[in-house]
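Peer 1: My file is protein-v1.txt. It has compact mmCIF, C-alpha atoms:
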# COMPACT_ATOMS: atom_id res chain seq x y z
CA MET A 194 6.31 93.61 95.50
CA THR A 195 9.41 92.25 93.97
CA ALA A 196 12.53 92.46 96.12
CA PRO A 197 15.25 94.71 94.71
CA ALA A 198 17.94 92.85 92.83
CA THR A 199 21.13 92.28 94.76
CA PRO A 200 24.09 93.91 93.01
CA VAL A 201 26.40 91.33 91.55
CA SER A 202 30.15 91.99 91.76
CA ARG A 203 32.69 90.96 89.16
CA SER A 204 34.35 88.59 91.62
CA ASP A 205 31.04 86.68 92.01
CA VAL A 206 30.61 86.24 88.28
CA LEU A 207 34.26 85.44 87.55
CA PRO A 208 35.65 84.09 90.78
CA ASN A 209 38.83 82.64 89.19
CA VAL A 210 39.81 85.71 87.21
CA ASP A 211 42.40 88.04 88.69
CA VAL A 212 40.94 91.48 89.04
CA ALA A 213 44.40 92.96 88.61
CA PRO A 214 46.26 91.11 85.83
CA GLY A 215 48.89 93.84 85.75
CA ARG A 216 49.86 92.94 89.32
CA ALA A 217 50.97 89.44 88.28
CA LYS A 218 52.97 90.87 85.41
CA ARG A 219 54.70 93.30 87.74
CA ARG A 220 55.52 90.49 90.16
CA GLY A 221 56.93 88.46 87.27
CA ARG A 222 59.06 91.36 86.07
CA THR A 223 60.32 91.98 89.59
CA ARG A 224 61.24 88.31 89.97
CA ASP A 225 63.03 88.34 86.61
CA ARG A 226 65.00 91.45 87.58
CA LEU A 227 66.02 89.84 90.87
CA VAL A 228 67.21 86.68 89.11
CA GLU A 229 69.04 88.70 86.47
CA GLY A 230 70.70 90.83 89.15
CA TRP A 231 71.77 87.75 91.09
CA LEU A 232 73.24 86.18 87.94
CA ARG A 233 75.13 89.35 87.09
CA GLY A 234 76.51 89.60 90.60
CA HIS A 235 77.54 85.94 90.54
CA THR A 236 79.28 86.43 87.19
CA LEU A 237 81.08 89.50 88.52
CA LEU A 238 82.34 87.57 91.54
CA ILE A 239 83.63 84.77 89.32
CA TYR A 240 85.54 87.22 87.10
CA LEU A 241 86.95 88.97 90.14
CA PHE A 242 88.11 85.64 91.53
CA LEU A 243 89.78 84.79 88.22
CA TYR A 244 91.39 88.09 87.27
CA PHE A 245 91.97 90.01 90.49
CA PRO A 246 95.01 87.88 91.49
CA ILE A 247 96.46 88.41 87.99
CA ALA A 248 95.94 92.15 88.35
CA VAL A 249 97.69 92.07 91.73
CA VAL A 250 100.72 90.32 90.22
CA VAL A 251 100.93 92.86 87.39
CA VAL A 252 100.55 95.85 89.72
CA PHE A 253 103.18 94.68 92.19
CA SER A 254 105.61 93.97 89.36
CA PHE A 255 106.03 97.77 89.25
CA ASN A 256 106.76 97.95 92.97
CA ALA A 257 109.97 99.72 93.93
CA THR A 258 110.48 97.70 97.10
CA ASN A 259 113.44 95.43 97.65
CA ARG A 260 111.91 93.62 100.60
CA ARG A 261 108.33 92.43 101.02
CA VAL A 262 106.62 91.91 97.70
CA THR A 263 103.20 92.97 99.05
CA GLN A 264 104.48 96.23 100.56
CA TRP A 265 104.05 99.05 98.06
CA GLU A 266 106.85 101.61 98.15
CA GLY A 267 106.39 103.43 94.86
CA PHE A 268 106.27 102.94 91.12
CA SER A 269 109.38 101.66 89.37
CA LEU A 270 110.45 99.87 86.17
CA LYS A 271 113.71 98.58 87.58
CA TRP A 272 112.47 95.00 87.85
CA TYR A 273 111.57 94.90 84.17
CA GLU A 274 114.99 96.31 83.35
CA SER A 275 116.57 93.64 85.52
CA VAL A 276 114.52 90.87 83.91
CA LEU A 277 115.16 91.98 80.34
CA ASN A 278 118.90 92.28 80.98
CA ASP A 279 119.20 88.90 82.71
CA THR A 280 120.89 86.44 80.35
CA VAL A 281 119.36 83.45 82.14
CA ILE A 282 115.83 84.79 81.62
CA GLN A 283 116.63 85.67 78.02
CA ALA A 284 117.78 82.11 77.37
CA ALA A 285 114.66 80.68 79.06
CA LEU A 286 112.42 82.98 77.03
CA ALA A 287 114.15 81.97 73.80
CA ASN A 288 113.72 78.30 74.71
CA SER A 289 110.02 78.83 75.41
CA PHE A 290 109.52 80.52 72.03
CA ARG A 291 111.46 77.79 70.26
CA VAL A 292 109.38 75.04 71.84
CA ALA A 293 106.01 76.81 71.55
CA ILE A 294 106.31 77.87 67.90
CA THR A 295 107.57 74.47 66.74
CA THR A 296 104.88 72.70 68.76
CA ALA A 297 102.14 74.94 67.39
CA ILE A 298 103.23 74.36 63.78
CA LEU A 299 103.43 70.57 64.18
CA ALA A 300 100.20 70.28 66.14
CA THR A 301 98.29 72.47 63.69
CA LEU A 302 99.61 70.60 60.66
CA PHE A 303 99.00 67.07 61.91
CA GLY A 304 95.78 67.93 63.73
CA THR A 305 94.27 69.48 60.60
CA MET A 306 95.33 66.52 58.46
CA ALA A 307 93.85 64.11 60.99
CA ALA A 308 90.54 65.98 61.02
CA LEU A 309 90.36 66.00 57.23
CA GLY A 310 91.25 62.32 57.09
CA LEU A 311 88.56 61.35 59.59
CA GLN A 312 85.99 63.18 57.49
CA ARG A 313 86.20 60.41 54.86
CA THR A 314 86.45 57.36 57.11
CA PRO A 315 83.62 54.99 58.09
CA ARG A 316 81.46 56.11 60.98
CA TRP A 317 82.49 53.27 63.31
CA PHE A 318 86.18 54.06 62.83
CA ARG A 319 85.59 57.79 63.30
CA THR A 320 83.67 57.19 66.53
CA ILE A 321 86.48 55.08 68.01
CA PHE A 322 89.15 57.58 66.98
CA GLU A 323 87.22 60.53 68.40
CA ALA A 324 86.72 58.66 71.68
CA LEU A 325 90.47 58.07 71.93
CA THR A 326 91.06 61.74 71.19
CA PHE A 327 88.76 62.82 74.03
CA VAL A 328 90.49 60.38 76.37
CA SER A 329 93.88 61.92 75.57
CA ILE A 330 92.52 65.34 76.61
CA ILE A 331 90.74 64.10 79.74
CA VAL A 332 93.75 62.20 81.09
CA PRO A 333 95.53 64.27 83.79
CA GLU A 334 98.63 66.06 82.61
CA ILE A 335 100.79 64.43 85.27
CA VAL A 336 99.86 61.01 83.88
CA ILE A 337 100.76 62.10 80.36
CA ALA A 338 104.08 63.48 81.56
CA LEU A 339 104.99 60.34 83.49
CA SER A 340 103.95 57.95 80.71
CA THR A 341 105.86 60.02 78.13
CA LEU A 342 108.99 59.92 80.27
CA VAL A 343 108.70 56.14 80.66
CA PHE A 344 108.21 55.77 76.91
CA TYR A 345 111.28 57.90 76.17
CA SER A 346 113.44 56.00 78.64
CA THR A 347 112.38 52.61 77.27
CA SER A 348 112.78 53.68 73.65
CA PHE A 349 116.18 55.27 74.23
CA ASP A 350 117.47 52.12 75.94
CA ALA A 351 116.21 49.96 73.06
CA VAL A 352 117.83 52.23 70.46
CA HIS A 353 121.10 52.19 72.39
CA GLU A 354 121.13 48.39 72.58
CA LEU A 355 120.27 47.93 68.91
CA PHE A 356 122.26 50.70 67.23
CA GLY A 357 124.67 51.90 69.88
CA VAL A 358 123.25 55.43 69.70
CA ARG A 359 122.63 57.27 72.96
CA TRP A 360 119.66 59.66 72.82
CA ARG A 361 119.02 62.11 75.60
CA LEU A 362 116.20 64.33 76.74
CA GLY A 363 116.20 67.76 75.13
CA PHE A 364 114.23 70.11 72.93
CA GLU A 365 113.10 67.29 70.66
CA THR A 366 111.50 65.35 73.49
CA ILE A 367 109.73 68.46 74.84
CA ILE A 368 108.37 69.40 71.41
CA ALA A 369 107.23 65.85 70.70
CA ALA A 370 105.41 65.59 74.05
CA HIS A 371 103.73 68.99 73.65
CA ALA A 372 102.75 68.33 70.05
CA LEU A 373 101.26 64.95 70.95
CA PHE A 374 98.95 66.60 73.48
CA ASN A 375 98.02 69.61 71.32
CA ILE A 376 97.25 67.59 68.18
CA SER A 377 94.08 66.39 69.88
CA LEU A 378 92.96 69.96 70.59
CA VAL A 379 93.53 71.08 67.01
CA MET A 380 91.79 68.04 65.61
CA LEU A 381 88.69 68.62 67.73
CA LEU A 382 88.50 72.28 66.71
CA VAL A 383 88.85 71.53 63.01
CA ARG A 384 86.41 68.62 63.25
CA ALA A 385 83.83 70.90 64.86
CA ARG A 386 84.30 73.40 62.05
CA LEU A 387 84.01 70.68 59.42
CA SER A 388 80.76 69.36 60.90
CA GLY A 389 79.17 72.82 60.73
CA MET A 390 80.62 73.83 57.38
CA ASP A 391 78.41 74.52 54.38
CA ARG A 392 79.05 71.72 51.89
CA THR A 393 77.06 73.22 49.03
CA HIS A 394 80.06 75.14 47.69
CA VAL A 395 82.23 72.02 47.76
CA GLU A 396 79.58 70.04 45.92
CA ALA A 397 79.18 72.86 43.40
CA SER A 398 82.93 72.85 42.80
CA PHE A 399 82.91 69.10 42.12
CA ASP A 400 79.92 69.50 39.80
CA LEU A 401 81.96 72.06 37.86
CA TYR A 402 84.83 69.57 37.49
CA GLY A 403 87.04 71.27 40.04
CA THR A 404 89.98 69.19 41.20
CA PRO A 405 90.09 68.15 44.88
CA TRP A 406 93.24 70.20 45.40
CA ARG A 407 91.74 73.39 43.97
CA THR A 408 88.48 72.81 45.83
CA PHE A 409 90.35 72.47 49.09
CA TRP A 410 92.44 75.64 48.72
CA GLN A 411 89.74 77.87 47.27
CA ILE A 412 86.66 76.70 49.21
CA THR A 413 87.40 74.35 52.11
CA PHE A 414 90.54 75.98 53.49
CA PRO A 415 89.10 79.53 53.80
CA GLN A 416 86.19 78.13 55.81
CA LEU A 417 88.50 76.08 58.03
CA LEU A 418 91.00 78.89 58.57
CA PRO A 419 89.37 80.31 61.76
CA ALA A 420 89.49 76.89 63.41
CA ILE A 421 93.05 76.31 62.23
CA VAL A 422 94.20 79.66 63.60
CA ALA A 423 92.40 78.99 66.88
CA GLY A 424 94.14 75.62 67.14
CA PHE A 425 97.51 77.22 66.44
CA LEU A 426 96.96 79.85 69.13
CA LEU A 427 95.83 77.29 71.71
CA SER A 428 98.79 75.06 70.93
CA PHE A 429 101.21 77.97 71.24
CA THR A 430 99.68 79.13 74.52
CA PHE A 431 99.56 75.69 76.13
CA SER A 432 103.11 74.88 75.08
CA PHE A 433 104.49 78.28 76.10
CA ASP A 434 102.92 78.07 79.58
CA ASP A 435 103.34 74.34 80.22
CA TYR A 436 105.29 73.23 83.26
CA VAL A 437 104.35 69.65 84.20
CA ILE A 438 105.15 67.89 80.91
CA THR A 439 108.19 70.10 80.32
CA TYR A 440 109.57 69.32 83.77
CA PHE A 441 109.41 65.56 83.17
CA VAL A 442 110.85 65.43 79.62
CA SER A 443 113.35 68.31 79.66
CA GLY A 444 117.08 67.86 79.61
CA ALA A 445 120.16 69.91 80.34
CA GLY A 446 120.12 73.37 78.79
CA THR A 447 116.43 73.27 77.93
CA THR A 448 115.03 75.37 80.77
CA THR A 449 111.91 77.21 79.64
CA LEU A 450 110.37 80.28 81.24
CA PRO A 451 107.80 78.33 83.35
CA LEU A 452 110.58 76.10 84.68
CA TYR A 453 112.59 79.18 85.58
CA VAL A 454 109.64 80.77 87.40
CA PHE A 455 108.91 77.62 89.43
CA SER A 456 112.58 77.27 90.37
CA THR A 457 112.79 80.89 91.59
CA ILE A 458 109.62 80.88 93.72
CA ARG A 459 111.13 78.19 95.93
CA LYS A 460 113.16 81.00 97.47
CA GLY A 461 110.12 83.25 97.70
CA VAL A 462 108.15 85.52 95.41
CA THR A 463 109.96 88.74 94.48
CA PRO A 464 108.99 91.73 92.31
CA ALA A 465 111.29 90.25 89.66
CA THR A 466 109.18 87.09 89.64
CA ASN A 467 106.08 89.22 89.20
CA ALA A 468 107.76 90.99 86.30
CA VAL A 469 108.52 87.67 84.60
CA ALA A 470 104.91 86.59 85.06
CA ALA A 471 103.71 89.91 83.63
CA VAL A 472 105.96 89.47 80.59
CA MET A 473 104.56 85.97 80.01
CA LEU A 474 101.03 87.34 80.30
CA LEU A 475 101.81 90.12 77.83
CA ILE A 476 103.25 87.69 75.29
CA THR A 477 100.25 85.35 75.57
CA LEU A 478 97.69 88.15 75.27
CA THR A 479 99.55 89.65 72.31
CA VAL A 480 99.50 86.35 70.45
CA LEU A 481 95.78 85.90 71.17
CA VAL A 482 94.87 89.44 70.09
CA VAL A 483 96.89 89.20 66.88
CA GLY A 484 95.38 85.82 66.08
CA GLN A 485 91.87 87.07 66.79
CA PHE A 486 92.48 90.07 64.52
CA LEU A 487 93.66 87.80 61.71
CA VAL A 488 90.61 85.57 62.10
CA TRP A 489 88.30 88.59 62.10
CA ARG A 490 89.93 90.06 59.01
CA ASN A 491 89.82 86.74 57.18
CA ALA A 492 86.17 86.21 58.12
CA ARG A 493 85.34 89.68 56.86
CA ARG A 494 87.27 89.18 53.65
CA THR A 495 86.30 85.59 52.85
CA GLY A 496 82.78 85.17 54.16
CA GLN A 497 79.96 83.74 52.17
CA ARG A 498 80.54 86.30 49.45
CA GLY A 499 84.13 85.21 49.16
CA ALA A 500 83.12 81.57 48.84
CA GLN A 501 80.55 82.43 46.19
CA ALA A 502 83.13 84.50 44.36
CA SER A 503 85.48 81.50 44.35
CA VAL A 504 82.80 79.32 42.81
CA ALA A 505 82.01 82.02 40.27
CA GLY A 506 85.70 82.29 39.37
CA MET A 507 85.88 78.54 38.80
CA ILE A 508 82.79 78.73 36.59
CA THR A 509 84.50 81.41 34.51
CA GLU A 510 87.69 79.37 34.21
CA GLN A 511 85.80 76.25 33.21
CA SER A 512 83.75 78.22 30.68
CA GLY A 513 86.90 79.78 29.20
Represent the supplied structure as structure tokens.
Peer 2:
Amino acid sequence: MTAPATPVSRSDVLPNVDVAPGRAKRRGRTRDRLVEGWLRGHTLLIYLFLYFPIAVVVVFSFNATNRRVTQWEGFSLKWYESVLNDTVIQAALANSFRVAITTAILATLFGTMAALGLQRTPRWFRTIFEALTFVSIIVPEIVIALSTLVFYSTSFDAVHELFGVRWRLGFETIIAAHALFNISLVMLLVRARLSGMDRTHVEASFDLYGTPWRTFWQITFPQLLPAIVAGFLLSFTFSFDDYVITYFVSGAGTTTLPLYVFSTIRKGVTPATNAVAAVMLLITLTVLVVGQFLVWRNARRTGQRGAQASVAGMITEQSG
């Protein structure tokens, strides 16, 4: 008689095949959820580390105490009233606005022109110039401040010996030093926008006998505007909040708000100091929000349809 056949299991026939493929998928999903949860928690801790101290400063600027700044004794706006009525703080705030706005305008203008000029230069020259631009950003701010001060002192002595004119440190030296640093930032932003810009509309404009000036204002400039606005906002923010460079190249009567804050905290942090910091934060955030709104509205108004409409308008003008 023939022996009965031994039952063969699936694991004997396919020994390397997982009998439960869904189990591996569940393990993979569990591992992915754990990694995602860890990354979210890590991100949350980073944001707490960055913004929780700022929130503490803003909250305690409303503290009614006259003694310890970290001892909450009730809500009050008296420190903001004191800050806004202080003539010294008003003068420092006006100086900061004067320096920051002028710096932002100069840096945006010259940085944009430099980026447009580099677009048409040979590659070897553009590479060297961009490397120098990156170096100017990487160099520590204290080195820039010290070297700028030495340059001013040497130049002023030379001018005095040659022409008998005595130049002194003041608003002009602060604005020049800030603009020199911020031009590099604006140029890099505009250069990045130029490298990713769609050139087909520009080429179409030239094919339709559009002048370089009209092509720039109707096609190139609307596409560069977000980068230009971003450069202006960064220049304003960096200049408005700068302390190191301003401290080295400032003169008599040119105290800005950061210089005032650093001079007052030598005696200790008070609720008034927190109020000044909160006012600076409010001004910076307001400028950034307004700038972001303008960029968003311009992008919505002059997107690809706007560029195509500009080309179509030029076609109509050329045809007429």
Peer 1: Measuring between all atoms listed in the file, which one of A:Asn467, A:Ser346, A:Asn375, A:Thr320 shows the shortest distance to A:Leu270?
Peer 2: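 Answer, going by the shortest atom-to-atom distance: A:Asn467.
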Peer 1: How big is the axis-aligned box around the listed atoms of stretch 353-368 of chain A once 3 Å is added on each side, and where is its centre? Give both in Å to one decimal, as lines of an AutoDock Vina configuration file.
Peer 2:
center_x = 116.5
center_y = 59.0
center_z = 72.0
size_x = 22.3
size_y = 28.2
size_z = 15.5
Peer 1: So how many Å separate atom CA of A:Met390 and atom CA of A:Leu417, to one decimal?
Peer 2: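 Straight-line distance from atom CA of A:Met390 to atom CA of A:Leu417 works out to 8.2 Å.
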Peer 1: Nearest residue to A:Gly484 out of A:Ser348, A:Ser377, A:Thr366, A:Thr430, using all atoms listed in the file?
Peer 2: A:Thr430
Peer 1: May I have the residues at most 9 Å from (102.2, 69.6, 64.9) in the file's coordinates, counting only C-alpha atoms, as a count of residues only?
Peer 2: 18
Peer 1: Give me the stretch 320-409 of chain A side of the contact with stretch 448-452 of chain A, cut-off 12 Å, one line per residue showing its nearest atom pair and distance in Å at one decimal, counting all atoms listed in the file, sorted by chain and residue number, as CSV.
Peer 2:
residue,atom,partner,partner_atom,distance
A:Leu362,CA,A:Thr448,CA,11.8
A:Gly363,CA,A:Thr448,CA,9.5
A:Phe364,CA,A:Thr448,CA,9.5
A:Ile367,CA,A:Thr449,CA,10.2
A:Ile368,CA,A:Thr449,CA,11.9
Peer 1: As a list in words, please: the residues near stretch 278-287 of chain A (cut-off 8 Å, only C-alpha atoms, same-chain neighbours under 2 positions excluded).
Peer 2: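 Skipping anything fewer than 2 positions along the chain leaves Glu274, Ser275, Val276, Ser289, Phe290, Arg291, Thr447, Thr448, Thr449, Leu450 and Tyr453 of chain A.
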Peer 1: Only C-alpha atoms, please: the residues just picked out, written as a PDB file, in the coordinates of the input.
Peer 2:
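After the write, result_30.pdb holds the following:
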ATOM      1  CA  GLU A 274     114.990  96.310  83.350  1.00  0.00           C
ATOM      2  CA  SER A 275     116.570  93.640  85.520  1.00  0.00           C
ATOM      3  CA  VAL A 276     114.520  90.870  83.910  1.00  0.00           C
ATOM      4  CA  SER A 289     110.020  78.830  75.410  1.00  0.00           C
ATOM      5  CA  PHE A 290     109.520  80.520  72.030  1.00  0.00           C
ATOM      6  CA  ARG A 291     111.460  77.790  70.260  1.00  0.00           C
ATOM      7  CA  THR A 447     116.430  73.270  77.930  1.00  0.00           C
ATOM      8  CA  THR A 448     115.030  75.370  80.770  1.00  0.00           C
ATOM      9  CA  THR A 449     111.910  77.210  79.640  1.00  0.00           C
ATOM     10  CA  LEU A 450     110.370  80.280  81.240  1.00  0.00           C
ATOM     11  CA  TYR A 453     112.590  79.180  85.580  1.00  0.00           C
TER      12      TYR A 453
END
Peer 1: By how many Å are atom CA of A:Val352 and atom CA of A:Ser340 apart?
Peer 2: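 Computing it gives 18.2 Å between the two atoms.
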Peer 1: Could you tell me which of A:Phe268, A:Phe409, A:Phe374, A:Phe253 comes closest to A:Phe429 if we count only C-alpha atoms?
Peer 2: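 Comparing A:Phe268, A:Phe409, A:Phe374, A:Phe253 against A:Phe429, the winner is A:Phe374.
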Peer 1: Could you jot down the atom CA of A:Gly310 to atom CA of A:Ala397 separation for me, Å, one decimal place?
Peer 2: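 A separation of 21.1 Å between them.
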Peer 1: Within 12 Å of (81.6, 71.8, 60.1) (file coordinates; only C-alpha atoms), which protein or nucleic acid residues are there? I'd like them as a list of chain:residue names.
Peer 2: A:Ala308, A:Leu309, A:Gln312, A:Leu381, A:Leu382, A:Val383, A:Arg384, A:Ala385, A:Arg386, A:Leu387, A:Ser388, A:Gly389, A:Met390, A:Asp391, A:Arg392, A:Thr413, A:Phe414, A:Gln416, A:Leu417, A:Leu418, A:Pro419, A:Ala420
Peer 1: Rank A:Val488, A:Thr457, A:Val292, A:Asp225 by their smallest atom-to-atom distance to A:Asp435, using all atoms listed in the file, and report the top residue only.
Peer 2: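 Going through A:Val488, A:Thr457, A:Val292, A:Asp225 one by one, the smallest distance to A:Asp435 is for A:Val292.
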Peer 1: Given all atoms listed in the file as the basis, pick out the residue of A:Ser254, A:Thr326, A:Thr463, A:Ser456 nearest to A:Tyr273.
Peer 2: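 Checking each candidate against A:Tyr273, we get A:Ser254 as the closest.
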Peer 1: Please identify all polymer residues within 10 Å of A:Phe327, counting only C-alpha atoms, omitting same-chain residues fewer than 4 positions from it, and present them as a VMD selection string.
Peer 2: chain A and resid 322 to 323 331 to 332 377 to 378 381
Peer 1: Within 8 Å of stretch 475-481 of chain A, counting only C-alpha atoms, which residues show up once you throw out same-chain ones fewer than 4 positions away? Write them as an NGL selection string, please.
Peer 2: :A and (426 or 430 or 471 or 485)
